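Colleague: Provided below: final_12.txt, containing compact mmCIF, C-alpha atoms and all ligand atoms.
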```
# COMPACT_ATOMS: atom_id res chain seq x y z
CA MET J 1 -1.41 -16.14 11.33
CA SER J 2 -2.19 -19.63 10.00
CA VAL J 3 -0.10 -19.38 6.80
CA GLY J 4 3.23 -21.20 7.19
CA ILE J 5 6.78 -20.70 6.01
CA GLU J 6 6.40 -23.15 3.08
CA HIS J 7 3.66 -20.94 1.68
CA VAL J 8 5.93 -17.86 1.95
CA GLU J 9 8.73 -19.68 0.15
CA LYS J 10 6.38 -20.84 -2.61
CA VAL J 11 4.94 -17.35 -3.10
CA TYR J 12 8.39 -15.72 -3.46
CA ASN J 13 9.72 -18.48 -5.71
CA ARG J 14 6.77 -17.62 -7.94
CA TYR J 15 7.35 -13.84 -7.70
CA SER J 16 11.08 -14.05 -8.38
CA ARG J 17 11.02 -13.38 -12.14
CA TYR J 18 8.68 -10.41 -11.88
CA TYR J 19 9.69 -9.07 -8.46
CA ASP J 20 11.96 -6.25 -9.67
CA LEU J 21 9.37 -5.11 -12.17
CA ILE J 22 6.58 -4.97 -9.56
CA PHE J 23 8.48 -3.93 -6.42
CA GLY J 24 11.64 -2.31 -7.78
CA LYS J 25 10.50 1.28 -8.28
CA VAL J 26 7.69 1.17 -5.70
CA PHE J 27 10.08 0.57 -2.80
CA HIS J 28 13.07 2.43 -4.23
CA SER J 29 12.81 5.54 -2.03
CA GLY J 30 12.81 3.41 1.13
CA ARG J 31 15.86 1.45 0.01
CA GLU J 32 17.62 4.76 -0.59
CA MET J 33 17.08 5.64 3.09
CA ALA J 34 18.75 2.44 4.29
CA PRO J 35 22.43 3.51 3.96
CA LEU J 36 21.70 6.77 5.80
CA LEU J 37 19.98 5.01 8.68
CA LEU J 38 22.59 2.25 8.87
CA GLU J 39 25.49 4.74 9.21
CA LEU J 40 27.91 2.17 7.84
CA GLN J 41 31.65 2.50 8.38
CA PRO J 42 34.34 0.70 6.32
CA GLN J 43 34.84 -2.97 7.30
CA MET J 44 31.58 -3.17 9.22
CA LYS J 45 29.57 -6.40 8.94
CA LEU J 46 26.01 -6.01 7.74
CA LEU J 47 23.35 -8.71 7.60
CA GLU J 48 20.31 -8.24 5.35
CA VAL J 49 17.53 -10.66 6.24
CA GLY J 50 15.09 -11.42 3.40
CA VAL J 51 17.51 -9.95 0.85
CA GLY J 52 15.26 -11.10 -2.01
CA THR J 53 16.62 -10.21 -5.45
CA GLY J 54 19.19 -7.93 -3.82
CA LEU J 55 17.72 -4.60 -4.90
CA SER J 56 19.29 -2.77 -1.95
CA LEU J 57 22.79 -4.19 -2.48
CA PRO J 58 24.07 -1.72 -5.13
CA MET J 59 23.04 1.17 -2.82
CA LEU J 60 25.28 0.02 0.02
CA PRO J 61 28.97 0.94 0.31
CA ARG J 62 31.41 -1.58 -1.16
CA THR J 63 33.70 -1.16 1.84
CA VAL J 64 31.23 -3.06 4.04
CA ASN J 65 31.04 -6.86 4.34
CA ILE J 66 27.49 -7.81 3.51
CA THR J 67 25.71 -11.11 4.10
CA GLY J 68 22.28 -11.52 2.56
CA VAL J 69 19.99 -14.39 3.50
CA ASP J 70 16.71 -15.51 2.00
CA LEU J 71 14.38 -18.47 2.13
CA SER J 72 13.65 -18.50 -1.60
CA GLU J 73 16.28 -20.07 -3.84
CA LYS J 74 14.72 -18.41 -6.88
CA MET J 75 14.87 -14.91 -5.34
CA LEU J 76 18.52 -15.62 -4.44
CA ALA J 77 19.23 -16.71 -8.03
CA GLN J 78 18.12 -13.25 -9.20
CA ALA J 79 20.29 -11.65 -6.49
CA ARG J 80 23.31 -13.68 -7.66
CA LYS J 81 22.83 -12.37 -11.20
CA ARG J 82 22.82 -8.85 -9.75
CA LEU J 83 26.10 -9.48 -7.92
CA GLU J 84 27.63 -10.39 -11.26
CA THR J 85 26.26 -7.47 -13.26
CA GLU J 86 27.07 -4.95 -10.52
CA GLN J 87 30.38 -6.64 -9.66
CA LEU J 88 29.53 -7.00 -6.01
CA GLN J 89 30.95 -10.50 -5.45
CA ARG J 90 33.90 -9.23 -3.44
CA ASN J 91 31.96 -7.77 -0.53
CA VAL J 92 28.61 -9.61 -0.66
CA GLN J 93 27.80 -13.23 0.16
CA LEU J 94 24.34 -14.73 -0.29
CA LEU J 95 23.01 -17.70 1.64
CA LYS J 96 19.78 -19.66 1.61
CA MET J 97 18.61 -19.47 5.21
CA ASP J 98 15.46 -19.16 7.27
CA ALA J 99 15.63 -15.92 9.25
CA THR J 100 13.73 -17.53 12.12
CA HIS J 101 16.77 -19.78 12.71
CA LEU J 102 19.83 -17.77 11.69
CA GLN J 103 22.90 -19.97 11.42
CA PHE J 104 25.27 -17.35 12.89
CA PRO J 105 26.79 -16.99 16.34
CA ASP J 106 25.62 -14.30 18.76
CA ASN J 107 26.87 -10.70 18.38
CA CYS J 108 28.57 -11.10 15.01
CA PHE J 109 27.06 -8.25 12.91
CA ASP J 110 27.37 -4.49 13.39
CA ARG J 111 24.13 -3.78 11.55
CA VAL J 112 21.07 -5.79 10.56
CA LEU J 113 18.67 -4.64 7.84
CA ALA J 114 15.15 -5.92 7.21
CA ALA J 115 13.80 -4.25 4.06
CA TYR J 116 10.15 -4.98 3.29
CA PHE J 117 10.56 -8.24 5.11
CA ILE J 118 9.08 -8.20 8.59
CA SER J 119 5.49 -8.29 7.32
CA VAL J 120 6.07 -11.35 5.13
CA VAL J 121 7.06 -13.74 7.94
CA PRO J 122 4.50 -15.66 10.02
CA ASP J 123 6.27 -14.80 13.30
CA PRO J 124 7.89 -11.33 13.17
CA VAL J 125 8.74 -11.36 16.91
CA LEU J 126 10.79 -14.53 16.50
CA VAL J 127 12.63 -13.09 13.47
CA ILE J 128 13.42 -9.86 15.32
CA SER J 129 14.69 -11.83 18.33
CA GLU J 130 17.09 -13.59 15.94
CA MET J 131 18.13 -10.25 14.42
CA LYS J 132 18.88 -8.97 17.95
CA ARG J 133 20.81 -12.09 18.87
CA VAL J 134 23.22 -11.90 15.94
CA CYS J 135 23.64 -8.10 16.19
CA LYS J 136 26.36 -6.74 18.47
CA PRO J 137 25.29 -4.77 21.53
CA GLY J 138 24.96 -1.14 20.47
CA GLY J 139 24.54 -2.19 16.80
CA TYR J 140 21.66 -0.92 14.69
CA LEU J 141 18.57 -2.76 13.53
CA VAL J 142 16.90 -1.02 10.60
CA PHE J 143 13.42 -1.85 9.33
CA LEU J 144 11.78 -0.59 6.15
CA ASN J 145 8.22 -1.78 6.20
CA HIS J 146 4.52 -1.29 5.86
CA PHE J 147 3.02 -0.69 9.29
CA ARG J 148 -0.62 -0.26 10.20
CA ASN J 149 -1.78 3.31 9.66
CA GLU J 150 -2.49 5.49 12.71
CA HIS J 151 -5.73 6.71 11.12
CA PRO J 152 -8.43 4.57 12.83
CA VAL J 153 -10.49 3.95 9.67
CA VAL J 154 -7.51 3.16 7.43
CA GLY J 155 -5.98 1.05 10.22
CA PHE J 156 -9.27 -0.85 10.66
CA PHE J 157 -9.39 -1.81 6.98
CA GLU J 158 -5.70 -2.75 6.98
CA LYS J 159 -6.42 -5.06 9.90
CA ILE J 160 -9.44 -6.83 8.43
CA LEU J 161 -7.90 -7.15 4.95
CA SER J 162 -4.60 -8.46 6.33
CA PRO J 163 -5.35 -12.23 5.97
CA MET J 164 -6.23 -11.67 2.30
CA PHE J 165 -3.02 -9.72 1.65
CA TYR J 166 -1.02 -12.38 3.48
CA ARG J 167 -2.03 -14.94 0.87
CA LEU J 168 -0.37 -12.61 -1.64
CA GLY J 169 2.81 -12.53 0.45
CA PHE J 170 2.57 -9.79 3.10
CA ARG J 171 0.36 -8.72 5.99
CA THR J 172 -0.98 -5.21 6.54
CA ASP J 173 -1.87 -5.28 10.25
CA LEU J 174 1.50 -4.84 11.99
CA ASP J 175 1.48 -2.08 14.59
CA VAL J 176 5.00 -0.67 14.79
CA ASN J 177 4.82 0.44 18.44
CA GLN J 178 3.31 -2.83 19.67
CA LEU J 179 5.77 -4.91 17.63
CA MET J 180 8.82 -3.12 18.99
CA LYS J 181 7.41 -3.32 22.52
CA ASP J 182 6.87 -7.08 22.11
CA CYS J 183 10.50 -7.34 20.96
CA ASP J 184 11.79 -5.24 23.84
CA LEU J 185 13.20 -2.66 21.43
CA GLU J 186 13.01 1.10 21.68
CA ILE J 187 12.42 3.03 18.50
CA GLU J 188 15.30 5.47 18.06
CA THR J 189 14.14 7.04 14.79
CA LEU J 190 10.94 6.60 12.83
CA GLU J 191 10.45 8.30 9.46
CA GLN J 192 7.74 8.09 6.85
CA ILE J 193 8.89 6.71 3.55
CA ASP J 194 5.91 7.61 1.39
CA PHE J 195 3.80 10.74 1.45
CA LEU J 196 0.81 9.05 3.13
CA GLY J 197 2.91 7.27 5.74
CA HIS J 198 1.91 3.69 4.90
CA TRP J 199 5.58 2.67 4.80
CA LYS J 200 8.05 3.59 7.49
CA ALA J 201 11.77 3.49 8.14
CA VAL J 202 12.58 2.54 11.72
CA ARG J 203 15.93 2.35 13.49
CA CYS J 204 16.45 0.69 16.87
CA ILE J 205 19.68 0.34 18.81
CA ASN J 206 20.35 -3.17 20.02
CA GLU J 207 20.54 -2.74 23.80
CA LYS J 208 20.14 -6.55 24.32
C1 LIG K 1 9.02 -8.55 -0.03
S1 LIG K 1 10.51 -9.42 -0.29
C2 LIG K 1 11.73 -8.19 0.13
C3 LIG K 1 13.01 -8.39 -0.61
C4 LIG K 1 14.05 -7.28 -0.46
N1 LIG K 1 14.44 -7.09 0.92
C5 LIG K 1 13.59 -5.98 -1.08
O1 LIG K 1 13.79 -4.92 -0.46
O2 LIG K 1 13.08 -6.01 -2.18
C6 LIG K 1 10.58 -10.49 1.11
C7 LIG K 1 11.66 -11.55 0.99
O3 LIG K 1 11.73 -12.26 2.24
C8 LIG K 1 11.98 -13.63 1.97
N2 LIG K 1 11.59 -14.43 3.14
C9 LIG K 1 10.34 -14.70 3.57
N3 LIG K 1 10.37 -15.42 4.70
C10 LIG K 1 11.68 -15.62 5.01
C11 LIG K 1 12.36 -16.29 6.06
N4 LIG K 1 11.69 -16.89 7.05
N5 LIG K 1 13.71 -16.27 6.05
C12 LIG K 1 14.39 -15.66 5.06
N6 LIG K 1 13.79 -15.01 4.03
C13 LIG K 1 12.46 -14.99 3.99
C14 LIG K 1 11.18 -13.90 0.70
O4 LIG K 1 11.65 -15.06 0.04
C15 LIG K 1 11.42 -12.60 -0.07
O5 LIG K 1 12.56 -12.71 -0.89
```
Starting from the file, lay out its structure as structure tokens.
Ligand SMILES: C[S@@+](CC[C@H](N)C(=O)[O-])C[C@H]1O[C@@H](n2cnc3c(N)ncnc32)[C@H](O)[C@@H]1O
Modeller:
Amino acid sequence: MSVGIEHVEKVYNRYSRYYDLIFGKVFHSGREMAPLLLELQPQMKLLEVGVGTGLSLPMLPRTVNITGVDLSEKMLAQARKRLETEQLQRNVQLLKMDATHLQFPDNCFDRVLAAYFISVVPDPVLVISEMKRVCKPGGYLVFLNHFRNEHPVVGFFEKILSPMFYRLGFRTDLDVNQLMKDCDLEIETLEQIDFLGHWKAVRCINEK
């Protein structure tokens, strides 16, 4: 994919003011699945990569220590406003950070969440390797994402249209099985989010 990280940052800086309006409701049902898949216990440490405007944060238990990172300062500014209005400052910290170079030591989170994120980065394998590195052995990695459809015709169009969609901020050609294989991860659970199965919720256990 020839589009670089600077392009991604620019696109999401631009989206930031309208993001909740466009992608709030559309992705709501997937975000609702996140707490169930994460199986969070009090005092656990959760990392959300590509936290964006923080739409998932109010759905997560307040007894968990949450760190959200994002490349776009303007998306984070919206997330900070949400922390204030929802009074989430006590258990959530937000940091500007590139998920391809996470500034955390190895094995320091119990859970790592990537919600509608993996298809916006130029190198998803590198990001997932970072997610694995910072997640404790036996911890959960949860992905909510668009993955290429199994139907050959739909999948074909998703593949050829992917470069065009990527200019808008996300790719449509990611094959979930191939991606997890490339990342040396086994899929533990895979559920459809929407009726047609374009979006999926995937949980993997970090075996290292
Ligand atoms: C489609 S939004 C998803 C936001 C949020 N997770 C949600 O559910 O609405 C993708 C987010 O990933 C961020 N992002 C893109 N590349 C990134 C990177 N390399 N490191 C950190 N964040 C990144 C974008 O700035 C954007 O906020």
Colleague: Choose the residue, out of J:Gln178, J:Thr85, J:Gln43, J:Thr53, that has the smallest atom-to-atom separation from Gly24 in chain J; count all atoms listed in the file.
Modeller: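 Closest residue, counting all atoms listed in the file: J:Thr53.
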Colleague: For chain J against ligand LIG 1 (chain K), with a cut-off of 9 Å and counting all atoms listed in the file, what is the closest atom pair and its distance in Å to one decimal for every residue that makes the cut, ordered by chain and number, as a Markdown table?
Modeller:
```
| residue | atom | partner | partner_atom | distance |
| --- | --- | --- | --- | --- |
| J:Ile5 | CA | K:LIG1 | N4 | 6.3 |
| J:Glu6 | CA | K:LIG1 | N3 | 8.8 |
| J:Val8 | CA | K:LIG1 | C9 | 5.7 |
| J:Glu9 | CA | K:LIG1 | O4 | 5.5 |
| J:Lys10 | CA | K:LIG1 | O4 | 8.3 |
| J:Val11 | CA | K:LIG1 | O4 | 7.8 |
| J:Tyr12 | CA | K:LIG1 | O4 | 4.8 |
| J:Asn13 | CA | K:LIG1 | O4 | 7.0 |
| J:Tyr15 | CA | K:LIG1 | O5 | 8.6 |
| J:Ser16 | CA | K:LIG1 | O5 | 7.8 |
| J:Tyr19 | CA | K:LIG1 | O2 | 7.8 |
| J:Asp20 | CA | K:LIG1 | O2 | 7.6 |
| J:Phe23 | CA | K:LIG1 | O2 | 6.6 |
| J:Gly24 | CA | K:LIG1 | O2 | 6.9 |
| J:Phe27 | CA | K:LIG1 | O1 | 7.0 |
| J:His28 | CA | K:LIG1 | O1 | 8.3 |
| J:Gly30 | CA | K:LIG1 | O1 | 8.5 |
| J:Arg31 | CA | K:LIG1 | O1 | 6.7 |
| J:Glu48 | CA | K:LIG1 | N1 | 7.4 |
| J:Val49 | CA | K:LIG1 | C12 | 6.0 |
| J:Gly50 | CA | K:LIG1 | O3 | 3.7 |
| J:Val51 | CA | K:LIG1 | N1 | 4.2 |
| J:Gly52 | CA | K:LIG1 | O5 | 3.3 |
| J:Thr53 | CA | K:LIG1 | C3 | 6.3 |
| J:Gly54 | CA | K:LIG1 | C4 | 6.2 |
| J:Leu55 | CA | K:LIG1 | O2 | 5.6 |
| J:Ser56 | CA | K:LIG1 | O1 | 6.1 |
| J:Val69 | CA | K:LIG1 | C12 | 6.0 |
| J:Asp70 | CA | K:LIG1 | N6 | 3.6 |
| J:Leu71 | CA | K:LIG1 | N6 | 4.0 |
| J:Ser72 | CA | K:LIG1 | O4 | 4.3 |
| J:Glu73 | CA | K:LIG1 | O4 | 7.8 |
| J:Lys74 | CA | K:LIG1 | O4 | 8.3 |
| J:Met75 | CA | K:LIG1 | O5 | 5.5 |
| J:Leu76 | CA | K:LIG1 | O5 | 7.5 |
| J:Lys96 | CA | K:LIG1 | C12 | 7.5 |
| J:Met97 | CA | K:LIG1 | C12 | 5.7 |
| J:Asp98 | CA | K:LIG1 | N5 | 3.6 |
| J:Ala99 | CA | K:LIG1 | N5 | 3.7 |
| J:Thr100 | CA | K:LIG1 | N4 | 5.5 |
| J:His101 | CA | K:LIG1 | N5 | 8.1 |
| J:Leu102 | CA | K:LIG1 | N5 | 8.5 |
| J:Leu113 | CA | K:LIG1 | N1 | 8.5 |
| J:Ala114 | CA | K:LIG1 | N1 | 6.4 |
| J:Ala115 | CA | K:LIG1 | N1 | 4.3 |
| J:Tyr116 | CA | K:LIG1 | C2 | 4.8 |
| J:Phe117 | CA | K:LIG1 | C6 | 4.6 |
| J:Ile118 | CA | K:LIG1 | C6 | 8.0 |
| J:Ser119 | CA | K:LIG1 | C1 | 8.2 |
| J:Val120 | CA | K:LIG1 | C9 | 5.6 |
| J:Val121 | CA | K:LIG1 | N3 | 4.9 |
| J:Pro122 | CA | K:LIG1 | N4 | 7.9 |
| J:Asp123 | CA | K:LIG1 | N4 | 8.5 |
| J:Val127 | CA | K:LIG1 | N4 | 7.5 |
| J:Leu144 | CA | K:LIG1 | O1 | 8.2 |
| J:Gly169 | CA | K:LIG1 | C1 | 7.4 |
| J:Phe170 | CA | K:LIG1 | C1 | 7.3 |
```
Colleague: Within 6 Å of Ser162 in chain J, counting all atoms listed in the file, which residues qualify if same-chain residues fewer than 3 places away don't, as a PyMOL selection string?
Modeller: chain J and resi 158-159+165+171-173
Colleague: One decimal, in Å: what's the spacing between CA of Phe157 in chain J and CA of Asn145 in chain J?
Modeller: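 One can read the CA of Phe157 in chain J to CA of Asn145 in chain J distance as 17.6 Å.
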Colleague: Write out as a list of chain:residue names each polymer residue whose atoms come within 8 Å of range 33-39 of chain J, counting all atoms listed in the file; drop sequence neighbours fewer than 3 positions from it.
Modeller: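 These residues fall inside the cut-off: J:Ser29, J:Gly30, J:Met59, J:Leu60, J:Pro61, J:Arg111, J:Leu113, J:Tyr140, J:Leu141, J:Val142, J:Leu144, J:Ala201, J:Arg203.
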Colleague: Using C-alpha atoms, can you export the residues from the last selection as an mmCIF file, keeping the file's coordinate frame?
Modeller:
```
data_model
loop_
_atom_site.group_PDB
_atom_site.id
_atom_site.type_symbol
_atom_site.label_atom_id
_atom_site.label_comp_id
_atom_site.auth_asym_id
_atom_site.auth_seq_id
_atom_site.Cartn_x
_atom_site.Cartn_y
_atom_site.Cartn_z
ATOM 1 C CA SER J 29 12.810 5.540 -2.030
ATOM 2 C CA GLY J 30 12.810 3.410 1.130
ATOM 3 C CA MET J 59 23.040 1.170 -2.820
ATOM 4 C CA LEU J 60 25.280 0.020 0.020
ATOM 5 C CA PRO J 61 28.970 0.940 0.310
ATOM 6 C CA ARG J 111 24.130 -3.780 11.550
ATOM 7 C CA LEU J 113 18.670 -4.640 7.840
ATOM 8 C CA TYR J 140 21.660 -0.920 14.690
ATOM 9 C CA LEU J 141 18.570 -2.760 13.530
ATOM 10 C CA VAL J 142 16.900 -1.020 10.600
ATOM 11 C CA LEU J 144 11.780 -0.590 6.150
ATOM 12 C CA ALA J 201 11.770 3.490 8.140
ATOM 13 C CA ARG J 203 15.930 2.350 13.490
#
```
Colleague: Box in all listed atoms of range 37-43 of chain J, axis-aligned, with 8 Å more on each side; write out centre and edge lengths in Å to one decimal as lines of an AutoDock Vina configuration file.
Modeller:
```
center_x = 27.4
center_y = 1.0
center_z = 7.8
size_x = 30.9
size_y = 24.0
size_z = 18.9
```
Colleague: Can you work out the spacing between CA of Gln41 in chain J and CA of Arg62 in chain J in Å, to one decimal?
Modeller: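 CA of Arg62 in chain J lies at a distance of 10.4 Å from CA of Gln41 in chain J.
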Colleague: Which residue, J:Leu46, J:Glu32, J:Met164, J:Pro124, has the smallest gap to Ile193 in chain J when you use all atoms listed in the file?
Modeller: J:Glu32
Colleague: What lies within 8 Å of Ile66 in chain J using all atoms listed in the file, ignoring chain neighbours under 3 positions off, as a ChimeraX atom specification?
Modeller: /J:45-48,91-93
Colleague: Return the single residue from J:Gly155, J:His146, J:Val176, J:Leu40 that is closest to Phe109 in chain J, with distances computed using all atoms listed in the file.
Modeller: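 With all atoms listed in the file as the atom set, the closest residue is J:Leu40.
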Colleague: Just to confirm, what's the straight-line distance from CA of Glu150 in chain J to CA of Ser129 in chain J in Å (one decimal)?
Modeller: 25.0 Å
Colleague: With distances taken over only C-alpha atoms, which of J:Met44, J:Leu57, J:Phe156, J:His7 is nearest to Lys81 in chain J?
Modeller: J:Leu57
Colleague: Name the closest residue to Leu179 in chain J among the candidates J:Val125, J:Leu196, J:Cys204, J:Ala79; distances are taken between atoms, counting only C-alpha atoms.
Modeller: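 The closest residue to Leu179 in chain J is J:Val125.
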Colleague: Using all atoms listed in the file, pick whichever of J:Cys183, J:His198, J:Cys108, J:Thr67 has the shortest atom-to-atom distance to His151 in chain J.
Modeller: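 Between J:Cys183, J:His198, J:Cys108, J:Thr67, the residue approaching His151 in chain J most closely is J:His198.
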Colleague: Keeping C-alpha atoms (and nothing else), can you write range 41-61 of chain J of this structure as an mmCIF file, in the first residue's frame?
Modeller:
```cif
data_model
loop_
_atom_site.group_PDB
_atom_site.id
_atom_site.type_symbol
_atom_site.label_atom_id
_atom_site.label_comp_id
_atom_site.auth_asym_id
_atom_site.auth_seq_id
_atom_site.Cartn_x
_atom_site.Cartn_y
_atom_site.Cartn_z
ATOM 1 C CA GLN J 41 -11.887 -7.760 35.317
ATOM 2 C CA PRO J 42 -11.434 -4.901 37.834
ATOM 3 C CA GLN J 43 -7.930 -3.350 37.805
ATOM 4 C CA MET J 44 -7.006 -4.880 34.463
ATOM 5 C CA LYS J 45 -4.961 -2.739 32.063
ATOM 6 C CA LEU J 46 -6.468 -2.218 28.637
ATOM 7 C CA LEU J 47 -4.821 -0.547 25.656
ATOM 8 C CA GLU J 48 -6.985 0.772 22.814
ATOM 9 C CA VAL J 49 -4.931 1.450 19.703
ATOM 10 C CA GLY J 50 -6.433 4.021 17.304
ATOM 11 C CA VAL J 51 -8.843 5.206 20.009
ATOM 12 C CA GLY J 52 -10.038 8.050 17.763
ATOM 13 C CA THR J 53 -12.691 10.246 19.379
ATOM 14 C CA GLY J 54 -13.100 7.672 22.153
ATOM 15 C CA LEU J 55 -16.526 6.367 21.177
ATOM 16 C CA SER J 56 -15.887 2.994 22.844
ATOM 17 C CA LEU J 57 -14.673 4.463 26.143
ATOM 18 C CA PRO J 58 -18.058 5.049 27.854
ATOM 19 C CA MET J 59 -18.982 1.400 27.114
ATOM 20 C CA LEU J 60 -16.032 0.004 29.051
ATOM 21 C CA PRO J 61 -16.075 -0.617 32.817
#
```
